[in-house]
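Data from start12.pdb: PDB, C-alpha atoms and all ligand atoms
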ATOM      1  CA  MET A 288       6.589 -10.783  -3.809  1.00  0.00           C
ATOM      2  CA  LEU A 289       3.259 -11.136  -2.051  1.00  0.00           C
ATOM      3  CA  PRO A 290       0.832  -8.240  -2.269  1.00  0.00           C
ATOM      4  CA  VAL A 291       0.794  -6.048   0.842  1.00  0.00           C
ATOM      5  CA  ILE A 292      -2.449  -4.740   2.337  1.00  0.00           C
ATOM      6  CA  ALA A 293      -2.244  -2.119   5.116  1.00  0.00           C
ATOM      7  CA  LEU A 294      -5.063  -1.557   7.606  1.00  0.00           C
ATOM      8  CA  VAL A 295      -5.235   2.117   8.488  1.00  0.00           C
ATOM      9  CA  GLY A 296      -7.652   4.248  10.488  1.00  0.00           C
ATOM     10  CA  ARG A 297      -8.107   6.038  13.744  1.00  0.00           C
ATOM     11  CA  PRO A 298      -7.966   4.028  16.982  1.00  0.00           C
ATOM     12  CA  ASN A 299     -10.832   1.693  17.878  1.00  0.00           C
ATOM     13  CA  VAL A 300     -12.355   1.281  14.408  1.00  0.00           C
ATOM     14  CA  GLY A 301     -11.595  -2.464  14.357  1.00  0.00           C
ATOM     15  CA  LYS A 302      -8.268  -2.773  12.516  1.00  0.00           C
ATOM     16  CA  SER A 303      -6.862  -5.432  14.854  1.00  0.00           C
ATOM     17  CA  THR A 304     -10.128  -7.355  14.791  1.00  0.00           C
ATOM     18  CA  LEU A 305      -9.930  -7.465  11.002  1.00  0.00           C
ATOM     19  CA  PHE A 306      -6.211  -8.355  11.129  1.00  0.00           C
ATOM     20  CA  ASN A 307      -6.934 -11.286  13.427  1.00  0.00           C
ATOM     21  CA  ARG A 308      -9.708 -12.503  11.187  1.00  0.00           C
ATOM     22  CA  LEU A 309      -7.544 -12.255   8.071  1.00  0.00           C
ATOM     23  CA  THR A 310      -4.544 -13.954   9.649  1.00  0.00           C
ATOM     24  CA  ARG A 311      -6.606 -16.301  11.804  1.00  0.00           C
ATOM     25  CA  THR A 312      -4.434 -15.548  14.790  1.00  0.00           C
ATOM     26  CA  ARG A 313      -4.992 -13.802  18.043  1.00  0.00           C
ATOM     27  CA  ASP A 314      -1.656 -12.037  17.684  1.00  0.00           C
ATOM     28  CA  ALA A 315      -2.825  -8.473  17.371  1.00  0.00           C
ATOM     29  CA  LEU A 316      -4.096  -7.135  20.649  1.00  0.00           C
ATOM     30  CA  VAL A 317      -7.783  -6.368  20.450  1.00  0.00           C
ATOM     31  CA  ALA A 318      -9.152  -4.251  23.222  1.00  0.00           C
ATOM     32  CA  ASP A 319     -11.633  -1.605  24.053  1.00  0.00           C
ATOM     33  CA  LEU A 320      -8.666   0.575  24.914  1.00  0.00           C
ATOM     34  CA  PRO A 321      -8.063   2.806  21.893  1.00  0.00           C
ATOM     35  CA  GLY A 322      -4.574   2.688  20.499  1.00  0.00           C
ATOM     36  CA  LEU A 323      -3.306  -0.527  22.000  1.00  0.00           C
ATOM     37  CA  THR A 324      -1.345  -1.598  18.909  1.00  0.00           C
ATOM     38  CA  ARG A 325       1.691   0.633  18.992  1.00  0.00           C
ATOM     39  CA  ASP A 326       3.809  -0.874  16.266  1.00  0.00           C
ATOM     40  CA  ARG A 327       3.184  -2.178  12.815  1.00  0.00           C
ATOM     41  CA  LYS A 328       2.335  -5.822  12.898  1.00  0.00           C
ATOM     42  CA  TYR A 329       2.703  -8.127   9.930  1.00  0.00           C
ATOM     43  CA  GLY A 330       0.698 -11.246   9.234  1.00  0.00           C
ATOM     44  CA  GLU A 331      -0.008 -13.551   6.356  1.00  0.00           C
ATOM     45  CA  GLY A 332      -3.483 -14.005   4.969  1.00  0.00           C
ATOM     46  CA  LYS A 333      -4.859 -16.406   2.420  1.00  0.00           C
ATOM     47  CA  LEU A 334      -7.976 -16.234   0.303  1.00  0.00           C
ATOM     48  CA  GLY A 335      -8.473 -19.365  -1.739  1.00  0.00           C
ATOM     49  CA  GLU A 336      -5.097 -19.907  -3.384  1.00  0.00           C
ATOM     50  CA  ARG A 337      -3.990 -16.315  -3.028  1.00  0.00           C
ATOM     51  CA  ASP A 338      -1.556 -15.349  -0.274  1.00  0.00           C
ATOM     52  CA  TYR A 339      -0.977 -11.803   0.853  1.00  0.00           C
ATOM     53  CA  ILE A 340       0.683  -9.831   3.632  1.00  0.00           C
ATOM     54  CA  VAL A 341      -1.476  -7.712   5.905  1.00  0.00           C
ATOM     55  CA  ILE A 342      -0.160  -4.927   8.145  1.00  0.00           C
ATOM     56  CA  ASP A 343      -1.985  -3.867  11.291  1.00  0.00           C
ATOM     57  CA  THR A 344      -1.173  -0.406  12.607  1.00  0.00           C
ATOM     58  CA  GLY A 345      -1.895   1.756  15.593  1.00  0.00           C
ATOM     59  CA  GLY A 346      -4.319   4.527  14.834  1.00  0.00           C
ATOM     60  CA  ILE A 347      -4.031   8.079  13.586  1.00  0.00           C
ATOM     61  CA  SER A 348      -6.094  10.101  16.039  1.00  0.00           C
ATOM     62  CA  GLY A 349      -5.496  13.538  14.572  1.00  0.00           C
ATOM     63  CA  ASP A 350      -4.124  14.726  17.888  1.00  0.00           C
ATOM     64  CA  GLU A 351      -0.577  13.499  17.544  1.00  0.00           C
ATOM     65  CA  GLU A 352       1.727  13.917  20.512  1.00  0.00           C
ATOM     66  CA  GLY A 353       4.028  11.516  22.332  1.00  0.00           C
ATOM     67  CA  ILE A 354       3.061   7.891  21.800  1.00  0.00           C
ATOM     68  CA  ASP A 355       0.275   8.961  19.449  1.00  0.00           C
ATOM     69  CA  LYS A 356       2.860  10.618  17.241  1.00  0.00           C
ATOM     70  CA  VAL A 357       4.873   7.385  17.075  1.00  0.00           C
ATOM     71  CA  MET A 358       1.723   5.443  16.206  1.00  0.00           C
ATOM     72  CA  ALA A 359       0.875   7.895  13.474  1.00  0.00           C
ATOM     73  CA  GLU A 360       4.373   7.539  12.029  1.00  0.00           C
ATOM     74  CA  GLN A 361       3.949   3.764  12.015  1.00  0.00           C
ATOM     75  CA  SER A 362       0.717   4.198  10.096  1.00  0.00           C
ATOM     76  CA  LEU A 363       2.396   6.446   7.534  1.00  0.00           C
ATOM     77  CA  LEU A 364       5.202   3.900   7.071  1.00  0.00           C
ATOM     78  CA  ALA A 365       2.627   1.132   6.603  1.00  0.00           C
ATOM     79  CA  ILE A 366       0.903   3.213   3.939  1.00  0.00           C
ATOM     80  CA  ASP A 367       4.247   3.581   2.136  1.00  0.00           C
ATOM     81  CA  GLU A 368       4.906  -0.156   2.289  1.00  0.00           C
ATOM     82  CA  ALA A 369       1.470  -1.189   1.081  1.00  0.00           C
ATOM     83  CA  ASP A 370       0.272  -2.003  -2.422  1.00  0.00           C
ATOM     84  CA  VAL A 371      -3.207  -1.148  -1.271  1.00  0.00           C
ATOM     85  CA  VAL A 372      -4.628   0.485   1.841  1.00  0.00           C
ATOM     86  CA  LEU A 373      -7.849  -0.482   3.561  1.00  0.00           C
ATOM     87  CA  PHE A 374      -8.969   2.668   5.343  1.00  0.00           C
ATOM     88  CA  LEU A 375     -11.322   1.638   8.128  1.00  0.00           C
ATOM     89  CA  VAL A 376     -13.955   3.871   9.679  1.00  0.00           C
ATOM     90  CA  ASP A 377     -16.526   3.142  12.384  1.00  0.00           C
ATOM     91  CA  GLY A 378     -20.075   2.871  11.042  1.00  0.00           C
ATOM     92  CA  ARG A 379     -21.503   3.240  14.537  1.00  0.00           C
ATOM     93  CA  ALA A 380     -19.461   6.226  15.652  1.00  0.00           C
ATOM     94  CA  GLY A 381     -19.945   7.988  12.324  1.00  0.00           C
ATOM     95  CA  LEU A 382     -17.702  10.441  10.508  1.00  0.00           C
ATOM     96  CA  ASN A 383     -14.917  11.903  12.634  1.00  0.00           C
ATOM     97  CA  PRO A 384     -12.470  14.797  11.988  1.00  0.00           C
ATOM     98  CA  ALA A 385      -9.579  12.318  12.201  1.00  0.00           C
ATOM     99  CA  ASP A 386     -11.204  10.337   9.351  1.00  0.00           C
ATOM    100  CA  GLU A 387     -11.113  13.476   7.211  1.00  0.00           C
ATOM    101  CA  MET A 388      -7.440  14.013   8.015  1.00  0.00           C
ATOM    102  CA  ILE A 389      -6.546  10.457   7.028  1.00  0.00           C
ATOM    103  CA  ALA A 390      -8.634  10.721   3.856  1.00  0.00           C
ATOM    104  CA  ASP A 391      -6.774  13.908   2.908  1.00  0.00           C
ATOM    105  CA  HIS A 392      -3.452  12.135   3.352  1.00  0.00           C
ATOM    106  CA  LEU A 393      -4.505   9.144   1.250  1.00  0.00           C
ATOM    107  CA  ARG A 394      -5.812  11.371  -1.526  1.00  0.00           C
ATOM    108  CA  ARG A 395      -2.555  13.360  -1.548  1.00  0.00           C
ATOM    109  CA  GLU A 396      -0.471  10.183  -1.718  1.00  0.00           C
ATOM    110  CA  GLN A 397      -2.672   8.903  -4.561  1.00  0.00           C
ATOM    111  CA  LYS A 398      -2.403   5.520  -2.916  1.00  0.00           C
ATOM    112  CA  SER A 399      -4.662   2.747  -4.091  1.00  0.00           C
ATOM    113  CA  CYS A 400      -7.174   2.505  -1.273  1.00  0.00           C
ATOM    114  CA  TYR A 401     -10.613   1.321  -0.258  1.00  0.00           C
ATOM    115  CA  LEU A 402     -12.851   3.032   2.242  1.00  0.00           C
ATOM    116  CA  VAL A 403     -14.243   0.361   4.567  1.00  0.00           C
ATOM    117  CA  VAL A 404     -17.096   1.052   6.988  1.00  0.00           C
ATOM    118  CA  ASN A 405     -16.804  -1.448   9.855  1.00  0.00           C
ATOM    119  CA  LYS A 406     -19.193  -2.421  12.682  1.00  0.00           C
ATOM    120  CA  THR A 407     -22.241  -2.554  10.410  1.00  0.00           C
ATOM    121  CA  ASP A 408     -23.640  -5.573  12.258  1.00  0.00           C
ATOM    122  CA  GLY A 409     -27.110  -4.870  13.602  1.00  0.00           C
ATOM    123  CA  ILE A 410     -27.448  -1.549  11.770  1.00  0.00           C
ATOM    124  CA  ASP A 411     -28.512  -0.655   8.216  1.00  0.00           C
ATOM    125  CA  PRO A 412     -25.283  -0.797   6.151  1.00  0.00           C
ATOM    126  CA  ASP A 413     -26.612   1.697   3.591  1.00  0.00           C
ATOM    127  CA  VAL A 414     -27.412   4.270   6.262  1.00  0.00           C
ATOM    128  CA  ALA A 415     -24.056   3.625   7.948  1.00  0.00           C
ATOM    129  CA  ARG A 416     -22.073   4.193   4.760  1.00  0.00           C
ATOM    130  CA  SER A 417     -23.999   7.205   3.517  1.00  0.00           C
ATOM    131  CA  GLU A 418     -22.141   9.832   5.523  1.00  0.00           C
ATOM    132  CA  PHE A 419     -18.725   8.572   4.404  1.00  0.00           C
ATOM    133  CA  PHE A 420     -19.200   9.430   0.719  1.00  0.00           C
ATOM    134  CA  SER A 421     -18.085  12.958   1.637  1.00  0.00           C
ATOM    135  CA  LEU A 422     -14.556  11.666   2.286  1.00  0.00           C
ATOM    136  CA  GLY A 423     -14.108  11.605  -1.486  1.00  0.00           C
ATOM    137  CA  LEU A 424     -12.618   8.119  -1.614  1.00  0.00           C
ATOM    138  CA  GLY A 425     -15.359   6.525  -3.646  1.00  0.00           C
ATOM    139  CA  ASP A 426     -18.077   4.077  -2.676  1.00  0.00           C
ATOM    140  CA  PRO A 427     -17.668   2.980   0.947  1.00  0.00           C
ATOM    141  CA  LEU A 428     -17.669  -0.807   1.396  1.00  0.00           C
ATOM    142  CA  THR A 429     -19.341  -2.239   4.486  1.00  0.00           C
ATOM    143  CA  ILE A 430     -18.147  -5.045   6.747  1.00  0.00           C
ATOM    144  CA  ALA A 431     -18.534  -6.394  10.258  1.00  0.00           C
ATOM    145  CA  ALA A 432     -15.006  -7.528  11.106  1.00  0.00           C
ATOM    146  CA  ALA A 433     -16.055  -9.030  14.427  1.00  0.00           C
ATOM    147  CA  HIS A 434     -18.519 -11.341  12.702  1.00  0.00           C
ATOM    148  CA  GLY A 435     -16.829 -11.693   9.325  1.00  0.00           C
ATOM    149  CA  ARG A 436     -19.635 -10.283   7.211  1.00  0.00           C
ATOM    150  CA  GLY A 437     -18.330  -8.780   3.977  1.00  0.00           C
ATOM    151  CA  VAL A 438     -14.710  -9.611   4.768  1.00  0.00           C
ATOM    152  CA  SER A 439     -14.049 -12.242   2.080  1.00  0.00           C
ATOM    153  CA  ALA A 440     -15.749 -10.081  -0.548  1.00  0.00           C
ATOM    154  CA  LEU A 441     -13.598  -7.132   0.510  1.00  0.00           C
ATOM    155  CA  ILE A 442     -10.325  -9.075   0.214  1.00  0.00           C
ATOM    156  CA  ASP A 443     -11.437 -10.656  -3.046  1.00  0.00           C
ATOM    157  CA  LEU A 444     -12.052  -7.214  -4.514  1.00  0.00           C
ATOM    158  CA  THR A 445      -8.801  -5.847  -3.095  1.00  0.00           C
ATOM    159  CA  LEU A 446      -6.642  -8.654  -4.524  1.00  0.00           C
ATOM    160  CA  ASP A 447      -8.434  -8.484  -7.895  1.00  0.00           C
ATOM    161  CA  GLU A 448      -7.330  -4.878  -8.301  1.00  0.00           C
ATOM    162  CA  LEU A 449      -3.637  -5.644  -7.774  1.00  0.00           C
TER     163      LEU A 449
HETATM  164  P1  LIG B 501      -8.374  -0.921  16.481  1.00  0.00           P
HETATM  165  O1  LIG B 501      -7.982   0.040  17.567  1.00  0.00           O
HETATM  166  O2  LIG B 501      -8.741  -0.199  15.228  1.00  0.00           O
HETATM  167  O3  LIG B 501      -7.362  -1.999  16.251  1.00  0.00           O
HETATM  168  O4  LIG B 501      -9.745  -1.625  16.964  1.00  0.00           O
HETATM  169  P2  LIG B 501      -9.960  -3.071  17.651  1.00  0.00           P
HETATM  170  O5  LIG B 501      -9.844  -4.154  16.624  1.00  0.00           O
HETATM  171  O6  LIG B 501      -9.098  -3.180  18.875  1.00  0.00           O
HETATM  172  O7  LIG B 501     -11.500  -2.978  18.032  1.00  0.00           O
HETATM  173  C1  LIG B 501     -11.989  -1.943  18.869  1.00  0.00           C
HETATM  174  C2  LIG B 501     -13.322  -2.355  19.445  1.00  0.00           C
HETATM  175  O8  LIG B 501     -14.297  -2.466  18.394  1.00  0.00           O
HETATM  176  C3  LIG B 501     -13.293  -3.735  20.132  1.00  0.00           C
HETATM  177  O9  LIG B 501     -14.113  -3.660  21.271  1.00  0.00           O
HETATM  178  C4  LIG B 501     -13.881  -4.654  19.079  1.00  0.00           C
HETATM  179  O10 LIG B 501     -14.475  -5.787  19.650  1.00  0.00           O
HETATM  180  C5  LIG B 501     -14.915  -3.744  18.427  1.00  0.00           C
HETATM  181  N1  LIG B 501     -15.247  -4.175  17.042  1.00  0.00           N
HETATM  182  C6  LIG B 501     -14.388  -4.484  16.052  1.00  0.00           C
HETATM  183  N2  LIG B 501     -15.041  -4.882  14.944  1.00  0.00           N
HETATM  184  C7  LIG B 501     -16.360  -4.822  15.233  1.00  0.00           C
HETATM  185  C8  LIG B 501     -17.553  -5.127  14.485  1.00  0.00           C
HETATM  186  O11 LIG B 501     -17.542  -5.563  13.326  1.00  0.00           O
HETATM  187  N3  LIG B 501     -18.735  -4.914  15.115  1.00  0.00           N
HETATM  188  C9  LIG B 501     -18.798  -4.447  16.401  1.00  0.00           C
HETATM  189  N4  LIG B 501     -20.021  -4.283  16.920  1.00  0.00           N
HETATM  190  N5  LIG B 501     -17.710  -4.180  17.139  1.00  0.00           N
HETATM  191  C10 LIG B 501     -16.488  -4.364  16.571  1.00  0.00           C
HETATM  192 MG    MG B 502      -5.455  -2.254  17.104  1.00  0.00          MG
END
Could you spell out this file's structure in structure tokens?
Amino acid sequence: MLPVIALVGRPNVGKSTLFNRLTRTRDALVADLPGLTRDRKYGEGKLGERDYIVIDTGGISGDEEGIDKVMAEQSLLAIDEADVVLFLVDGRAGLNPADEMIADHLRREQKSCYLVVNKTDGIDPDVARSEFFSLGLGDPLTIAAAHGRGVSALIDLTLDEL
């Protein structure tokens, strides 16, 4: 069984961008439109000799009704299926109430997870991550999924812990 990594977070934080980078496909729809990915999407990633499964999800916005509710359910199912969750937040937009809701859920589930601050290109990563310590999920890691910075180190760390 390959290890399963789920990408979770509110819409527009860069989950599909990271998924595409990890799977080297353009399969997940990346767009400026929040919440475009409405179902779980599975891909295969490889780091060195290590293969893994990665799941892209729609976002949890904290305001779940209609299609947003379905997307949130998909995210919860992905969390269940995963060996480890990468919880993405937006280092440019800053801390958001929906981030706190997702963090609460992950802490309750006692799921193995990493807090990942994305979009840290062109800004100070240490400043960007500082406000996310309050989520209580440990040291935030910083990446720029669109450019690839920090991504291999993140996956290396994630697979090492499994
Ligand atoms: P999702 O809704 O979480 O799947 O987010 P997407 O992957 O669709 O990305 C949402 C927007 O953020 C898109 O416009 C991406 O190009 C942009 N984005 C994603 N990663 C980065 C990044 O590392 N840096 C910057 N500056 N923008 C990013
Ligand atoms: Mg997406």
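Coordinates place atom C5 of ligand LIG 501 (chain B) at a distance of 23.2 Å from atom CA of Glu360 of chain A.
Each of A:Asn307, A:Glu336, A:Gly346, A:Leu424 was compared to Arg395 of chain A using all atoms listed in the file, and A:Leu424 turns out to be the nearest.
Going from atom CA of Leu402 of chain A to atom CA of Gly353 of chain A covers 27.6 Å.
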ask   = For the file shown, what are the residues hit by the PyMOL selection byres (((chain A and resi 411-423) around 10) and not hetatm), laid out as JSON, numbers by chain?
value = {"A": [376, 377, 378, 379, 380, 381, 382, 383, 386, 387, 388, 389, 390, 391, 394, 402, 403, 404, 405, 406, 407, 408, 409, 410, 424, 425, 426, 427, 428, 429, 430, 431]}
inquiry  = What's the separation between atom CA of Asp367 of chain A and atom CA of Leu393 of chain A, in Å to one decimal place?
reply    = 10.4 Å
query = Between A:Pro298, A:Leu364, A:Ile292, A:Glu352, which one has atoms that come closest to Arg327 of chain A, using all atoms listed in the file?
reply = A:Leu364
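Each of A:Leu373, A:Leu334, A:Ile342, A:Val295 was compared to ligand LIG 501 (chain B) using all atoms listed in the file, and A:Val295 turns out to be the nearest.
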Please put the answer as lines of an AutoDock Vina configuration file: centre and edge lengths, in Å with one decimal, of a box along x, y and z that encloses all listed atoms of segment 327-338 of chain A plus 5 Å on each side.
center_x = -2.6
center_y = -11.0
center_z = 4.8
size_x = 21.7
size_y = 27.7
size_z = 26.3
query = Smallest atom-to-atom distance to ligand LIG 501 (chain B): which of A:Ala433, A:Ala365, A:Leu309, A:Ile340, using all atoms listed in the file?
reply = A:Ala433
key: Test item: the PyMOL selection byres (((chain A and resi 338) around 12) and not hetatm) resolved as a VMD selection string   = chain A and resid 288 to 292 309 to 310 330 to 337 339 to 341 442 to 443 446
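Comparing the minimum interatomic distances between Gly435 of chain A and each of A:Gly345, A:Pro384, A:Gly301, A:Gly296, counting all atoms listed in the file, we find that A:Gly301 sits nearest.
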task = Please work out which residues fall within 7 Å of (-5.2, 10.0, 14.8), coordinates as given in the file, with only C-alpha atoms counting, and return them as JSON, numbers by chain.
result = {"A": [297, 298, 346, 347, 348, 349, 350, 351, 359, 385]}
Take the residues from that selection and write them out as a compact mmCIF listing (two decimals), in the coordinates of the input, keeping C-alpha atoms.
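Generated output (result_10.txt):
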# COMPACT_ATOMS: atom_id res chain seq x y z
CA ARG A 297 -8.11 6.04 13.74
CA PRO A 298 -7.97 4.03 16.98
CA GLY A 346 -4.32 4.53 14.83
CA ILE A 347 -4.03 8.08 13.59
CA SER A 348 -6.09 10.10 16.04
CA GLY A 349 -5.50 13.54 14.57
CA ASP A 350 -4.12 14.73 17.89
CA GLU A 351 -0.58 13.50 17.54
CA ALA A 359 0.88 7.90 13.47
CA ALA A 385 -9.58 12.32 12.20
query = Which one of A:Leu441, A:Val371, A:Leu305, A:Ile366 sits closest to ligand LIG 501 (chain B) if you count only C-alpha atoms and all ligand atoms?
reply = A:Leu305
